[in-house]
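Novice: Structure provided below as structure tokens; questions to follow.
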Amino acid sequence: MGRIGSSIAVNGFRVGSEYSRQDVAHLGGLPVPSEIYGTAWADGILELENAVLLFVTLEKEGEACYLDVFDGTDFYWESQNRSSQSSPIIRRISGGSPTYLFARMRAKVRGASKAVPFVYCGKLDFVAMDGEHPVTCLFDAVDSESGQGESLTEILHWRPSVSPTEFSARQVRLKGDGKILPPAAARFLSTPTPTVVSGPLTYEVVLTEGAIRNGYISVDPNWAGFDATMLGRPDAASGREATFTFPDGYQITSDLRASGPGSARIRARVAPAFRRLGVVAGDSLLIVQETSGQYRIEACKGGTDTFELGYARLRERFLARFPDFSGFSEDQRLLRETSYKRQLVEHYHAIMLPALSGEQPEEVWSALIKLLKVRVGAESPQPQNVVGWRIVAQLADSPEGDRAALGSAVLSLLSGQGGDAALHAFNDSSSKLSPPLQPAGQRSLSSLLLTLKDPARYFFIKTGQMRRALGLLDPTFDFRKGGMTGEEWGRIRELSSRLEARLSEDGWPPADMIDVQSFLWVAVAYEQGDGAEAEEQEDEAVEQDDDMPVIHAPSNTILFGPPGTGKTYGVVDKALEILDPELLAATKGQGAGARAALKQRFDALHEEGRIRFVTFHQSFAYEDFVEGLKVRAGASGALEYGVENGVFLELCIDAQHSDLPYVLIIDEINRGNIARIFGELITLIEPSKRQGMDEALSVRLPYSKQDFAVPANLHLIGTMNTADRSLAAMDVALRRRFRFIEMPPQPELLDWDVDGIRVGELLSTLNSRIEVLLGRDHLIGHAYLMGAKDLPGLAEAFRLRILPLLQEYFFEDWRRIAWVLNDDAKPQGERFLRQRELHLNRLFAPEAQLAPDTANWYIHEAAFEQAASYRGILVGQAD
């Protein structure tokens, strides 16, 4: 499968016309490849940003049973053998992604080496799929009816050389027994569900762009249909689960998670459901409680006056806080909310305007800090809280160079009309501060300044609360990454003007946007409390969700330690900590049965493709890990070179098209040449440089010439044996990009005696001597003695595992091995190693200069069967 990070325009293609791959690129507005082999165009599937292209050759040499065939307007297509129904490309195709077919009868012109062009067959509508490895998909090729030409006619009437019985069997499986995936989501939504359903157990949620992009359904935690005990802390599992069934039968099991004050989210595996339903921002979902823990979800495609629906909810919440509200200028309860904001306007004129007239950036910065720290309020004045105290503290401690830069940006913002250029300059300057001002901080600061300058046009923005409030009025509204833009302010003014008119119709005419913002603030924030700390926490929670669109923050981890310390054992826990933390937590401390359950889940995830393995060694290279040229037999039988993806690139491609986390386990990571294997990707694996992160980077791969970034939902777990190579000798670039978790020997796990020998103490004693002689990188792990529950088990461990390991550690320096085993303190009959004296004068001439203590060492087998030999290792140890 090839992938290009561009979109194609398909309007220029005519059904029945012939196109080469280069023609497809040129006509579709894509970069035209000079060569086909070795590029993304060489494969039968080309994945683009907005579509999937299938390039199919019907008569395949040596593949007579390959099922790619038309039957009327039904088109059957068979994937590669490695694909399953859970593969990202199959999920994308089956989820309704626009798919277009280019087909040809054969690859080469008969009797020549010239390539045959493809015939454009039009758009394919997915219907069903069957099987695994490969997957057979059924499409409705409705456009093919309108095409003309002999080539298209030949393609439509061609039949593969499979038996009619086999072909009919596949048709039955795909069309007849209902065991396979039902038709694409659009067919389910031809009759929209009513947008309003009465009854206390139905809740309507209007989808926003952010919800669809990040894969969650945001709900009101106060809705009676949800048990309050389902709520956990923000983005943490509550431990209580519910089942949600979508219109096509797709089900998810998810808990309800808090997402900052005032909202909760259904999160697990919602993104695939959105893709299947084909929902867009502004569409609604009805959540209907059927029984306790069972919910039905119905989709409503458009048709709802979302502004009126949102206003009704805001008004209801506002009146719940201020019953019998009489008006913005009369109600004393609301005046406590608006009065301190109007005091800020007065302070702005007294503090900021003189500094702005002087046009000195340092003076503007000083005035800004003074304004942000000013105390307002009639009763016990407090510092303003529109811009949180953490942000104020950060700006007040800015280094000298940043002060002038920020002052200049504020001067530019307030001296003009607050247009796009001034807002962009302000956002750019504030993002370059040390540390940079985050987007939520940029929004609150710029909105404060613009509102104080012109309260008739602007109002204060606290990202989390205003996103919820404005999202109720317009579900397609969402803040972009980065600070505010002129376009966003235009949308906000449009909504706020309509809201101003609606409030006036209800007899509550606002004086300005401060009143409008206060109405929204009371409606969305007061029910969670109006303290400054709550506001600050909400913005921080939103910041993480807004600017880190993946659920799982990327991680790079290496488990290191000497042999036998459980690194491979620990990889299972570490992977499930990422992929299934609920199961890991539920089975903690439950013994061997729980371990079996964890290993079973680990194996299932590996089979599913979400866990991959690779082992580094001296010959492993970039071409094996990322991509490289590989020789293969061409259609004519001649050898050809093509680009082949490595294990890392394959997994990255899968992860890029999934909302789930993936794990790559790199065993023996220290045995490979890191610089040679990772190449330019050593920078891209940094968490902050991953795709979708603030400092995201991409590179152009050297063989395929495709732009590539490492997805943020891919996690790397490495293991390294310090006996092979010390941590200190690791590549510095790798050490900076991974966190290292030491896996030391755990003698406390060996809590049993064998004939009076304390096995845990035995291991500790051996390791104490090894550490003195060699260092802690060459200790013996507890796994070597885990099976030594009796004397024969102890003998087997020492004879077959520990003694050979010591020979390797000490390069068969028998003297030092004897020191480790404490043989010098034992009687001859209890020593593991013995010396046979040599008569050197009989073997060598007198001139031979040999050490007088030269002896022939040999292993005393009988010692392994004697408990005294092991007790002797402990002789001389302090109690």
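Please note that chains go A, B, ... in the order of the structure tokens, that every chain numbers its residues from 1, and that ligands are numbered from 1 in the order shown.
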Name all residues at most 9 Å from region 145-162 of chain A (count only C-alpha atoms; drop same-chain ones fewer than 4 positions away) and give them as a PyMOL selection string.

Specialist: chain A and resi 14-18+58-59+64-73+103-105+119-122+141+166-167

Novice: Which residues are near region 273-289 of chain A? Cut-off 6 Å, only C-alpha atoms, ignore same chain within fewer than 5 positions. Put them as a ChimeraX atom specification.

Specialist: /A:95,185,201-209,295-302,475-476

Novice: As a list in words, please: the residues near Gly310 (chain A) (cut-off 10 Å, only C-alpha atoms, same-chain neighbours under 6 positions excluded).

Specialist: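 Contacts, in chain order: Val206, Glu316, Ala469, Leu470, Gly471, Leu472, Leu473, Asp474 and Pro475 of chain A.
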
Novice: Near region 44-56 of chain A, counting only C-alpha atoms, which residues have an atom at most 10 Å away, once you skip same-chain residues fewer than 6 positions from it, shown as a PyMOL selection string?

Specialist: chain A and resi 1-10+21+24+30+68-69+77-80+89+92-93+96-107+118-120+123-124

Novice: Find the residues near Leu520 (chain A): any atom within 9 Å, counting only C-alpha atoms, skip ones fewer than 6 places away on the same chain, and give them as a PyMOL selection string.

Specialist: chain A and resi 314-315+318+465-466+469-470

Novice: Could you turn the residues from that selection into a file that holds all heavy atoms, as a PDB file, in the first residue's frame?

Specialist:
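Below you can see again_2.pdb, which holds the result:
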ATOM      1  N   LEU A 314     -29.079  27.251  27.585  1.00  0.00           N
ATOM      2  CA  LEU A 314     -28.356  28.287  28.317  1.00  0.00           C
ATOM      3  C   LEU A 314     -29.299  29.085  29.207  1.00  0.00           C
ATOM      4  O   LEU A 314     -28.986  29.399  30.367  1.00  0.00           O
ATOM      5  CB  LEU A 314     -27.646  29.211  27.329  1.00  0.00           C
ATOM      6  CG  LEU A 314     -26.457  28.612  26.567  1.00  0.00           C
ATOM      7  CD1 LEU A 314     -26.024  29.537  25.430  1.00  0.00           C
ATOM      8  CD2 LEU A 314     -25.277  28.364  27.503  1.00  0.00           C
ATOM      9  N   ARG A 315     -30.466  29.413  28.674  1.00  0.00           N
ATOM     10  CA  ARG A 315     -31.444  30.194  29.438  1.00  0.00           C
ATOM     11  C   ARG A 315     -31.915  29.411  30.662  1.00  0.00           C
ATOM     12  O   ARG A 315     -32.049  29.966  31.756  1.00  0.00           O
ATOM     13  CB  ARG A 315     -32.624  30.539  28.531  1.00  0.00           C
ATOM     14  CG  ARG A 315     -33.659  31.490  29.148  1.00  0.00           C
ATOM     15  CD  ARG A 315     -34.737  31.797  28.108  1.00  0.00           C
ATOM     16  NE  ARG A 315     -35.668  32.810  28.585  1.00  0.00           N
ATOM     17  CZ  ARG A 315     -36.720  32.562  29.359  1.00  0.00           C
ATOM     18  NH1 ARG A 315     -36.960  31.322  29.746  1.00  0.00           N
ATOM     19  NH2 ARG A 315     -37.511  33.547  29.744  1.00  0.00           N
ATOM     20  N   PHE A 318     -29.142  29.468  33.195  1.00  0.00           N
ATOM     21  CA  PHE A 318     -28.996  30.808  33.756  1.00  0.00           C
ATOM     22  C   PHE A 318     -30.082  31.063  34.808  1.00  0.00           C
ATOM     23  O   PHE A 318     -29.807  31.556  35.912  1.00  0.00           O
ATOM     24  CB  PHE A 318     -29.075  31.841  32.634  1.00  0.00           C
ATOM     25  CG  PHE A 318     -28.925  33.267  33.082  1.00  0.00           C
ATOM     26  CD1 PHE A 318     -27.665  33.828  33.249  1.00  0.00           C
ATOM     27  CD2 PHE A 318     -30.041  34.052  33.353  1.00  0.00           C
ATOM     28  CE1 PHE A 318     -27.529  35.145  33.668  1.00  0.00           C
ATOM     29  CE2 PHE A 318     -29.911  35.359  33.768  1.00  0.00           C
ATOM     30  CZ  PHE A 318     -28.638  35.910  33.931  1.00  0.00           C
ATOM     31  N   GLN A 465     -14.894  27.300  29.068  1.00  0.00           N
ATOM     32  CA  GLN A 465     -16.278  27.701  29.272  1.00  0.00           C
ATOM     33  C   GLN A 465     -16.895  28.273  27.999  1.00  0.00           C
ATOM     34  O   GLN A 465     -18.038  27.965  27.648  1.00  0.00           O
ATOM     35  CB  GLN A 465     -16.364  28.722  30.407  1.00  0.00           C
ATOM     36  CG  GLN A 465     -16.040  28.149  31.774  1.00  0.00           C
ATOM     37  CD  GLN A 465     -14.557  28.198  32.075  1.00  0.00           C
ATOM     38  OE1 GLN A 465     -13.718  28.357  31.189  1.00  0.00           O
ATOM     39  NE2 GLN A 465     -14.208  28.053  33.357  1.00  0.00           N
ATOM     40  N   MET A 466     -16.156  29.131  27.285  1.00  0.00           N
ATOM     41  CA  MET A 466     -16.716  29.733  26.074  1.00  0.00           C
ATOM     42  C   MET A 466     -16.836  28.717  24.942  1.00  0.00           C
ATOM     43  O   MET A 466     -17.711  28.832  24.096  1.00  0.00           O
ATOM     44  CB  MET A 466     -15.864  30.926  25.635  1.00  0.00           C
ATOM     45  CG  MET A 466     -15.987  32.120  26.558  1.00  0.00           C
ATOM     46  SD  MET A 466     -17.705  32.721  26.726  1.00  0.00           S
ATOM     47  CE  MET A 466     -18.075  32.228  28.420  1.00  0.00           C
ATOM     48  N   ALA A 469     -20.144  27.092  25.780  1.00  0.00           N
ATOM     49  CA  ALA A 469     -21.276  28.004  25.597  1.00  0.00           C
ATOM     50  C   ALA A 469     -21.531  28.275  24.122  1.00  0.00           C
ATOM     51  O   ALA A 469     -22.658  28.136  23.633  1.00  0.00           O
ATOM     52  CB  ALA A 469     -21.009  29.308  26.346  1.00  0.00           C
ATOM     53  N   LEU A 470     -20.497  28.652  23.387  1.00  0.00           N
ATOM     54  CA  LEU A 470     -20.668  28.955  21.965  1.00  0.00           C
ATOM     55  C   LEU A 470     -20.965  27.692  21.176  1.00  0.00           C
ATOM     56  O   LEU A 470     -21.659  27.738  20.149  1.00  0.00           O
ATOM     57  CB  LEU A 470     -19.416  29.641  21.426  1.00  0.00           C
ATOM     58  CG  LEU A 470     -19.101  31.007  22.065  1.00  0.00           C
ATOM     59  CD1 LEU A 470     -17.748  31.517  21.594  1.00  0.00           C
ATOM     60  CD2 LEU A 470     -20.199  32.011  21.771  1.00  0.00           C
TER      61      LEU A 470
END

Novice: Fewer than 5 positions away in the same chain doesn't count, so skip those; otherwise give me all residues within 6 Å of Ile717 (chain A), counting only C-alpha atoms, as a list in words.

Specialist: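 Those residues are Thr557, Ile558 and Ile665 of chain A.
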
Novice: Hey, can you check how far CA of His26 (chain A) sits from CA of Lys114 (chain A)?

Specialist: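 Interatomic distance, CA of His26 (chain A) to CA of Lys114 (chain A): 19.9 Å.
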
Novice: Among region 663-741 of chain A, which ones does DSSP assign to strand (DSSP E or B) (computed from the backbone)? Answer as number ranges by chain.

Specialist: A: 663-667, 691, 699-700, 707-708, 711, 714-721, 739-741

Novice: How would you write, as JSON, numbers by chain, the set of residues in region 639-865 of chain A that DSSP gives as alpha helix (DSSP H)?

Specialist: {"A": [647, 648, 649, 650, 651, 652, 653, 654, 655, 656, 674, 675, 676, 677, 678, 681, 682, 683, 684, 732, 733, 734, 735, 736, 737, 759, 760, 761, 762, 763, 764, 765, 766, 767, 768, 769, 770, 771, 772, 773, 791, 792, 793, 794, 795, 796, 797, 803, 804, 805, 806, 807, 808, 809, 814, 815, 816, 817, 818, 819, 820, 840, 841, 842, 843]}

Novice: Please provide the set of residues having any atom within 9 Å of region 853-867 of chain A, restricted to only C-alpha atoms, with same-chain residues fewer than 2 positions apart removed, written as number ranges by chain.

Specialist: A: 754-757, 791-792, 794-796, 798-799, 814-815, 829-838, 840, 850-851, 869-872

Novice: Rounded to one decimal, what separation in Å do you get between CA of Phe460 (chain A) and CA of Ile514 (chain A)?

Specialist: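 So the two atoms, CA of Phe460 (chain A) and CA of Ile514 (chain A), lie 7.7 Å apart.
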
Novice: Using only C-alpha atoms, which residue out of A:Gln343, A:Arg816, A:Lys705, A:Leu821 lies closest to Thr765 (chain A)?

Specialist: A:Leu821

Novice: Calculated over only C-alpha atoms, which of the candidates A:Tyr569, A:Phe811, A:Tyr216, A:Phe325 has the smallest distance to Ala271 (chain A)?

Specialist: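 With only C-alpha atoms as the atom set, the closest residue is A:Tyr216.
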
Novice: Would you work out the distance separating CA of Ala709 (chain A) from CA of Ser87 (chain A), expressed in Å to one decimal?

Specialist: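 These atoms are spaced 19.7 Å apart.
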
Novice: Considering only C-alpha atoms, state which residue in the set A:Ile217, A:Ala40, A:Ala621, A:Ala355 is at the smallest distance from Leu701 (chain A).

Specialist: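 Of A:Ile217, A:Ala40, A:Ala621, A:Ala355, the one nearest Leu701 (chain A) is A:Ala40, counting only C-alpha atoms.
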